[in-house]
Amino acid sequence: MAAADRFAPDLLVRLERDGRPLRLQLEEQLREAIRAGRLRPGTALPSTRALAADLGVSRGVVVEAYAQLVAEGWLVAGQGARTRVAAAARQAEPRATPAPTGPRVRIDFRPGLTDLAAFPRREWLASLRRVLREAPDAALGWQDPRGERALRETLAAYLGRSRGALADPERIVVATGMTQALVLVAGALRRRGARRIAVEDPGFHIHRDALAHAGLEPVAVPVDEGGIDTDRLAAAAPDAVLVTPAHQQPTGVVLAPERRAALLRWAEETGALVIEDDYDAEHRYDREPVGALQGLAPERVAYLGSPSKTLAPSLRLGWAVLPSALAGPVGEEKLRADLGSPVLDQLALADFIERGELDRHLRRTRRSYRRRRDALVGALARLLPAARVTGIAAGLHALVLLPEGTDEAALVERALERGIALAPLAPMRVAAPGPPGVLIGYANVAETAIERGVAELAAIAGELGSA
Ligand SMILES: Cc1ncc(COP(=O)(O)O)c(C=O)c1O
């Protein structure tokens with residue numbers, strides 16, 4: 001049997017048994033599908049034998065229809081090769097404008113990236129293989145939308161030992177990233193009558209926007225060296241607050257002990273919910289670990305986390321550890337949102353953590369991230385001495401505050417034109433004033449490139465008159 005005979009991709013064709021010749025119907029439908037762009041140039045068609053069997057016609061009908069369309073230039077057929085839609089086949093629809101490709105990024109200082117080249121591919125693959133081999137067939141069916149029991153149990157133990165969280169698998173909901181977990185919590189709050197949610201200013205704008213999109217009104221509360229201003233928070237009287245206590249995004253400050261106490265007291269007294277975004281707490285370099293707030297008040301705090309900052313953001317996994325009254329409603333939100341997160345990936349993550357691979361990976365990356373951070377801080381001190389660097393005791397990025405008057409947008413834009421990507425501070429600000437700045441992620445950039453990148457940024461700052 002020739003290769004083409006075994007080739008049987010599905011093709012949507014419906015022939016009417018109304019007396020019109022079947023060959024003509026088939027030709028018309030293929031021509032129309034090509035003209036409309038449903039069959040794109042280069043698409044391989046099923047073999048004549050396979051299509052004839054699918055359509056319940058004799059093979060000759062398909063052979064003749066293909067031959068006619070080849071003659072007209074719609075299809076091409078090589079000797080013994082598959083028949084394909086011709087590369088030059090006319091498209092009725094104008095092609096979508098290709099997305100602008102932008103300059104190539106040579107040095108990727110965008111915050112929020114792990115060292116992507118250090119992703120533990122071998123170990124992750126071993127976990128994936130293991131779960132695929134060992135999972136029963138039933139695991140491939142519909143599962144608990146709150147997430148795989150194995151992962152929820154593993155997370156409960158991991159978050160307890162590494163973050164001091166008090167996590168019961170029954171109060172964990174697995175999501176596609178911490179961001180979805182936040183949206184699910186916001187949805188559940190909204191349905192229970194919440195209207196306003198306090199957010200940090202400056203704070204992570206993507207989450208502020210996600211909360212507004214979920215129907216809650218974000219109320220900005222200023223952040224200073226001690227973290228969110230709890231007096232201003234209490235005065236704003238929101239139904240909930242989203243905070244990053246272990247490493248404030250973007251300033252990098254730790255929520256001061258008296259503020260932690262004040263925050264939990266406020267939540268206790270008012271019945272408001274504290275949403276704790278523990279996004280990069282595993283990465284700390286020269287300070288004591290800061291435990292999760294949730295461990296101190298598990299009925300007042302929803303704890304959110306993900307492997308985006310420990311492994312890679314593309315895994316799109318995350319979790320919420322919830323107060324008991326919210327566990328059911330957030331599980332419902334997840335059910336309504338998408339019926340659950342990918343099961344094999346959840347099982348792989350559980351296996352990966354259980355085998356100690358996450359701990360091993362963190363130990364390795366913590367060392368290299370610390371070297372990269374030191375390289376960044378050193379280069380900034382030498383090459384951009386007018387800048388003030390904060391938030392470097394933990395996390396994967398530094399906040400670099402620039403002299404007043406610096407056009408941070410121009411700096412970021414000009415850097416990107418030269419292949420250096422970084423993030424401006426302005427989108428993270430709401431109302432609280434402060435100097436211009438940029439966020440420089442260092443985890444995904446080798447030390448030598450960090451030095452080069454900072455030198456280029458310093459040159460651009462000089463051109464803009466702000467070095
Ligand atoms: C403050 C903050 N929280 C959480 C995340 C990660 O979200 P996710 O788990 O959805 O990838 C980020 C990513 O940049 C972040 O900056």
# chains A, B, ... in the order shown; residues from 1 in each chain; ligands from 1

call {"tool": "closest_atom_pairs", "arguments": {"of": "chain A", "to": "ligand 1", "cutoff": "10 Å", "atoms": "only C-alpha atoms and all ligand atoms", "output": "CSV"}}
result
residue,atom,partner,partner_atom_place_in_ligand_line,distance
A:Arg110,CA,ligand 1,14 (O),9.4
A:Pro111,CA,ligand 1,14 (O),6.8
A:Gly112,CA,ligand 1,14 (O),4.3
A:Leu113,CA,ligand 1,14 (O),7.6
A:Ala175,CA,ligand 1,10 (O),8.9
A:Thr176,CA,ligand 1,10 (O),7.0
A:Gly177,CA,ligand 1,10 (O),3.7
A:Met178,CA,ligand 1,9 (O),3.5
A:Thr179,CA,ligand 1,10 (O),3.7
A:Gln180,CA,ligand 1,10 (O),6.3
A:Ala181,CA,ligand 1,10 (O),7.8
A:Leu182,CA,ligand 1,10 (O),8.5
A:Val183,CA,ligand 1,10 (O),9.9
A:Gly203,CA,ligand 1,1 (C),7.5
A:Phe204,CA,ligand 1,1 (C),5.3
A:His205,CA,ligand 1,1 (C),8.7
A:Ile206,CA,ligand 1,16 (O),8.1
A:His207,CA,ligand 1,3 (N),7.6
A:Leu242,CA,ligand 1,1 (C),9.9
A:Val243,CA,ligand 1,1 (C),8.7
A:Thr244,CA,ligand 1,1 (C),6.7
A:His247,CA,ligand 1,1 (C),8.8
A:Gln248,CA,ligand 1,1 (C),7.5
A:Gln249,CA,ligand 1,1 (C),5.1
A:Pro250,CA,ligand 1,1 (C),7.5
A:Glu276,CA,ligand 1,3 (N),9.6
A:Asp277,CA,ligand 1,3 (N),5.9
A:Asp278,CA,ligand 1,3 (N),7.1
A:Tyr279,CA,ligand 1,3 (N),4.7
A:Asp280,CA,ligand 1,3 (N),7.6
A:Leu304,CA,ligand 1,9 (O),8.4
A:Gly305,CA,ligand 1,9 (O),6.3
A:Ser306,CA,ligand 1,9 (O),4.6
A:Pro307,CA,ligand 1,9 (O),6.7
A:Ser308,CA,ligand 1,11 (O),4.8
A:Lys309,CA,ligand 1,6 (C),7.0
A:Ala312,CA,ligand 1,11 (O),8.3
A:Pro313,CA,ligand 1,11 (O),5.0
A:Ser314,CA,ligand 1,11 (O),7.6
A:Leu315,CA,ligand 1,11 (O),8.3
A:Arg316,CA,ligand 1,11 (O),6.3
A:Leu317,CA,ligand 1,9 (O),6.7
A:Gly318,CA,ligand 1,9 (O),5.5
A:Trp319,CA,ligand 1,9 (O),8.3
A:Leu396,CA,ligand 1,14 (O),9.9
A:His397,CA,ligand 1,16 (O),10.0

call {"tool": "write_last_selection", "arguments": {"atoms": "C-alpha atoms", "output": "mmCIF file, in the first residue's frame"}}
result
data_model
loop_
_atom_site.group_PDB
_atom_site.id
_atom_site.type_symbol
_atom_site.label_atom_id
_atom_site.label_comp_id
_atom_site.auth_asym_id
_atom_site.auth_seq_id
_atom_site.Cartn_x
_atom_site.Cartn_y
_atom_site.Cartn_z
ATOM 1 C CA ARG A 110 11.315 41.312 32.175
ATOM 2 C CA PRO A 111 10.272 40.643 35.756
ATOM 3 C CA GLY A 112 8.427 37.458 36.536
ATOM 4 C CA LEU A 113 10.635 35.072 34.573
ATOM 5 C CA ALA A 175 -6.290 26.536 39.275
ATOM 6 C CA THR A 176 -4.439 27.447 36.091
ATOM 7 C CA GLY A 177 -2.082 29.847 37.852
ATOM 8 C CA MET A 178 -2.379 32.079 40.853
ATOM 9 C CA THR A 179 -4.126 34.610 38.627
ATOM 10 C CA GLN A 180 -7.030 32.275 37.970
ATOM 11 C CA ALA A 181 -7.166 31.405 41.664
ATOM 12 C CA LEU A 182 -7.545 35.131 42.362
ATOM 13 C CA VAL A 183 -10.285 35.502 39.773
ATOM 14 C CA GLY A 203 0.866 47.006 42.995
ATOM 15 C CA PHE A 204 0.632 44.367 40.300
ATOM 16 C CA HIS A 205 -1.604 46.015 37.702
ATOM 17 C CA ILE A 206 -2.556 42.781 35.976
ATOM 18 C CA HIS A 207 -4.250 41.537 39.125
ATOM 19 C CA LEU A 242 -5.095 41.649 48.106
ATOM 20 C CA VAL A 243 -1.569 41.817 49.525
ATOM 21 C CA THR A 244 1.922 40.482 48.754
ATOM 22 C CA HIS A 247 7.829 40.418 49.026
ATOM 23 C CA GLN A 248 5.662 43.300 47.950
ATOM 24 C CA GLN A 249 5.189 43.580 44.215
ATOM 25 C CA PRO A 250 6.833 45.797 42.969
ATOM 26 C CA GLU A 276 -2.336 36.640 50.336
ATOM 27 C CA ASP A 277 -0.404 36.466 47.068
ATOM 28 C CA ASP A 278 2.688 34.452 48.010
ATOM 29 C CA TYR A 279 4.036 34.647 44.467
ATOM 30 C CA ASP A 280 7.805 34.421 44.920
ATOM 31 C CA LEU A 304 -2.666 31.941 46.762
ATOM 32 C CA GLY A 305 0.438 30.507 45.129
ATOM 33 C CA SER A 306 1.800 28.879 41.994
ATOM 34 C CA PRO A 307 4.915 27.280 40.476
ATOM 35 C CA SER A 308 5.257 30.233 38.075
ATOM 36 C CA LYS A 309 8.190 31.680 40.025
ATOM 37 C CA ALA A 312 8.136 28.296 34.950
ATOM 38 C CA PRO A 313 5.095 30.475 34.310
ATOM 39 C CA SER A 314 4.061 28.426 31.278
ATOM 40 C CA LEU A 315 3.028 25.493 33.499
ATOM 41 C CA ARG A 316 -0.154 27.466 34.254
ATOM 42 C CA LEU A 317 -0.844 25.807 37.561
ATOM 43 C CA GLY A 318 -1.697 27.521 40.825
ATOM 44 C CA TRP A 319 -3.690 27.073 44.012
ATOM 45 C CA LEU A 396 13.461 37.534 41.060
ATOM 46 C CA HIS A 397 13.573 41.223 40.263
#

call {"tool": "residues_around", "arguments": {"residues": "Ile197 of chain A", "least_positions_apart": "2", "cutoff": "9 Å", "atoms": "only C-alpha atoms", "output": "PyMOL selection string"}}
result
chain A and resi 186+194-195+199+211+216-220+237-242

call {"tool": "closest_residue", "arguments": {"among": "A:Arg364, A:Arg418, A:Arg429, A:Arg31", "to": "Leu457 of chain A", "atoms": "only C-alpha atoms"}}
result
A:Arg418

call {"tool": "closest_residue", "arguments": {"among": "A:Gly187, A:Leu399, A:Asp231, A:Asn444", "to": "Arg336 of chain A", "atoms": "only C-alpha atoms"}}
result
A:Gly187

call {"tool": "select_by_dssp", "arguments": {"residues": "segment 101-184 of chain A", "states": "strand (DSSP E)", "output": "short mmCIF file (atom, residue, chain, number, x, y, z; two decimals) with C-alpha atoms, in the first residue's frame"}}
result
data_model
loop_
_atom_site.label_atom_id
_atom_site.label_comp_id
_atom_site.auth_asym_id
_atom_site.auth_seq_id
_atom_site.Cartn_x
_atom_site.Cartn_y
_atom_site.Cartn_z
CA ILE A 107 18.57 40.55 27.05
CA ASP A 108 15.35 39.64 28.80
CA ILE A 172 -7.47 23.74 48.48
CA VAL A 173 -8.62 24.52 44.97
CA VAL A 174 -6.17 24.01 42.10
CA ALA A 175 -6.29 26.54 39.27
#

call {"tool": "atom_distance", "arguments": {"atom1": "atom CA of Thr365 of chain A", "atom2": "atom CA of Val445 of chain A"}}
result
12.5 Å

call {"tool": "select_by_dssp", "arguments": {"residues": "segment 215-280 of chain A", "states": "alpha helix (DSSP H)", "output": "PyMOL selection string"}}
result
chain A and resi 230-236+257-270

call {"tool": "write_last_selection", "arguments": {"atoms": "C-alpha atoms", "output": "PDB file, in the first residue's frame"}}
result
ATOM      1  CA  THR A 230      -3.044  49.364  57.453  1.00  0.00           C
ATOM      2  CA  ASP A 231      -4.549  52.590  58.890  1.00  0.00           C
ATOM      3  CA  ARG A 232      -5.468  53.747  55.401  1.00  0.00           C
ATOM      4  CA  LEU A 233      -6.752  50.256  54.658  1.00  0.00           C
ATOM      5  CA  ALA A 234      -9.080  50.295  57.663  1.00  0.00           C
ATOM      6  CA  ALA A 235     -10.282  53.781  56.705  1.00  0.00           C
ATOM      7  CA  ALA A 236     -11.106  52.599  53.164  1.00  0.00           C
ATOM      8  CA  PRO A 257       5.417  42.656  61.937  1.00  0.00           C
ATOM      9  CA  GLU A 258       3.117  45.295  63.492  1.00  0.00           C
ATOM     10  CA  ARG A 259       1.337  45.693  60.149  1.00  0.00           C
ATOM     11  CA  ARG A 260       0.869  41.931  59.835  1.00  0.00           C
ATOM     12  CA  ALA A 261      -0.767  41.952  63.259  1.00  0.00           C
ATOM     13  CA  ALA A 262      -2.869  45.024  62.404  1.00  0.00           C
ATOM     14  CA  LEU A 263      -3.989  43.495  59.113  1.00  0.00           C
ATOM     15  CA  LEU A 264      -5.171  40.289  60.759  1.00  0.00           C
ATOM     16  CA  ARG A 265      -6.838  42.197  63.612  1.00  0.00           C
ATOM     17  CA  TRP A 266      -8.702  44.332  61.087  1.00  0.00           C
ATOM     18  CA  ALA A 267      -9.837  41.230  59.180  1.00  0.00           C
ATOM     19  CA  GLU A 268     -10.954  39.561  62.391  1.00  0.00           C
ATOM     20  CA  GLU A 269     -12.912  42.585  63.558  1.00  0.00           C
ATOM     21  CA  THR A 270     -14.581  43.456  60.269  1.00  0.00           C
TER      22      THR A 270
END

call {"tool": "residues_around", "arguments": {"residues": "Asp407 of chain A", "least_positions_apart": "5", "cutoff": "9 Å", "atoms": "only C-alpha atoms", "output": "JSON, numbers by chain"}}
result
{"A": [412, 436, 461, 464, 466]}

call {"tool": "atom_distance", "arguments": {"atom1": "atom CA of Gly391 of chain A", "atom2": "atom CA of Ile420 of chain A"}}
result
21.1 Å

call {"tool": "closest_residue", "arguments": {"among": "A:Gly395, A:Pro298, A:Pro342, A:Pro136", "to": "Ala246 of chain A", "atoms": "only C-alpha atoms"}}
result
A:Gly395

call {"tool": "closest_residue", "arguments": {"among": "A:Ser368, A:Glu32, A:Leu24, A:Ala212", "to": "Tyr66 of chain A", "atoms": "only C-alpha atoms"}}
result
A:Leu24

call {"tool": "residues_around", "arguments": {"residues": "Trp74 of chain A", "least_positions_apart": "6", "cutoff": "7 Å", "atoms": "only C-alpha atoms", "output": "short mmCIF file (atom, residue, chain, number, x, y, z; two decimals) with N, CA, C and O atoms, in the first residue's frame"}}
result
data_model
loop_
_atom_site.label_atom_id
_atom_site.label_comp_id
_atom_site.auth_asym_id
_atom_site.auth_seq_id
_atom_site.Cartn_x
_atom_site.Cartn_y
_atom_site.Cartn_z
N VAL A 85 -3.37 21.18 -1.02
CA VAL A 85 -3.88 22.44 -1.53
C VAL A 85 -2.68 23.23 -2.05
O VAL A 85 -1.65 23.32 -1.38
N ALA A 86 -2.82 23.79 -3.27
CA ALA A 86 -1.69 24.48 -3.90
C ALA A 86 -1.28 25.69 -3.06
O ALA A 86 -2.14 26.37 -2.48
N ALA A 89 -2.97 28.80 -4.11
CA ALA A 89 -4.43 28.77 -4.25
C ALA A 89 -5.02 30.09 -3.77
O ALA A 89 -4.61 30.62 -2.75
#

call {"tool": "residues_around", "arguments": {"residues": "Ala410 of chain A", "least_positions_apart": "5", "cutoff": "12 Å", "atoms": "only C-alpha atoms", "output": "PyMOL selection string"}}
result
chain A and resi 405+415-417+422-424+426+436-438+457+460-461+463-466
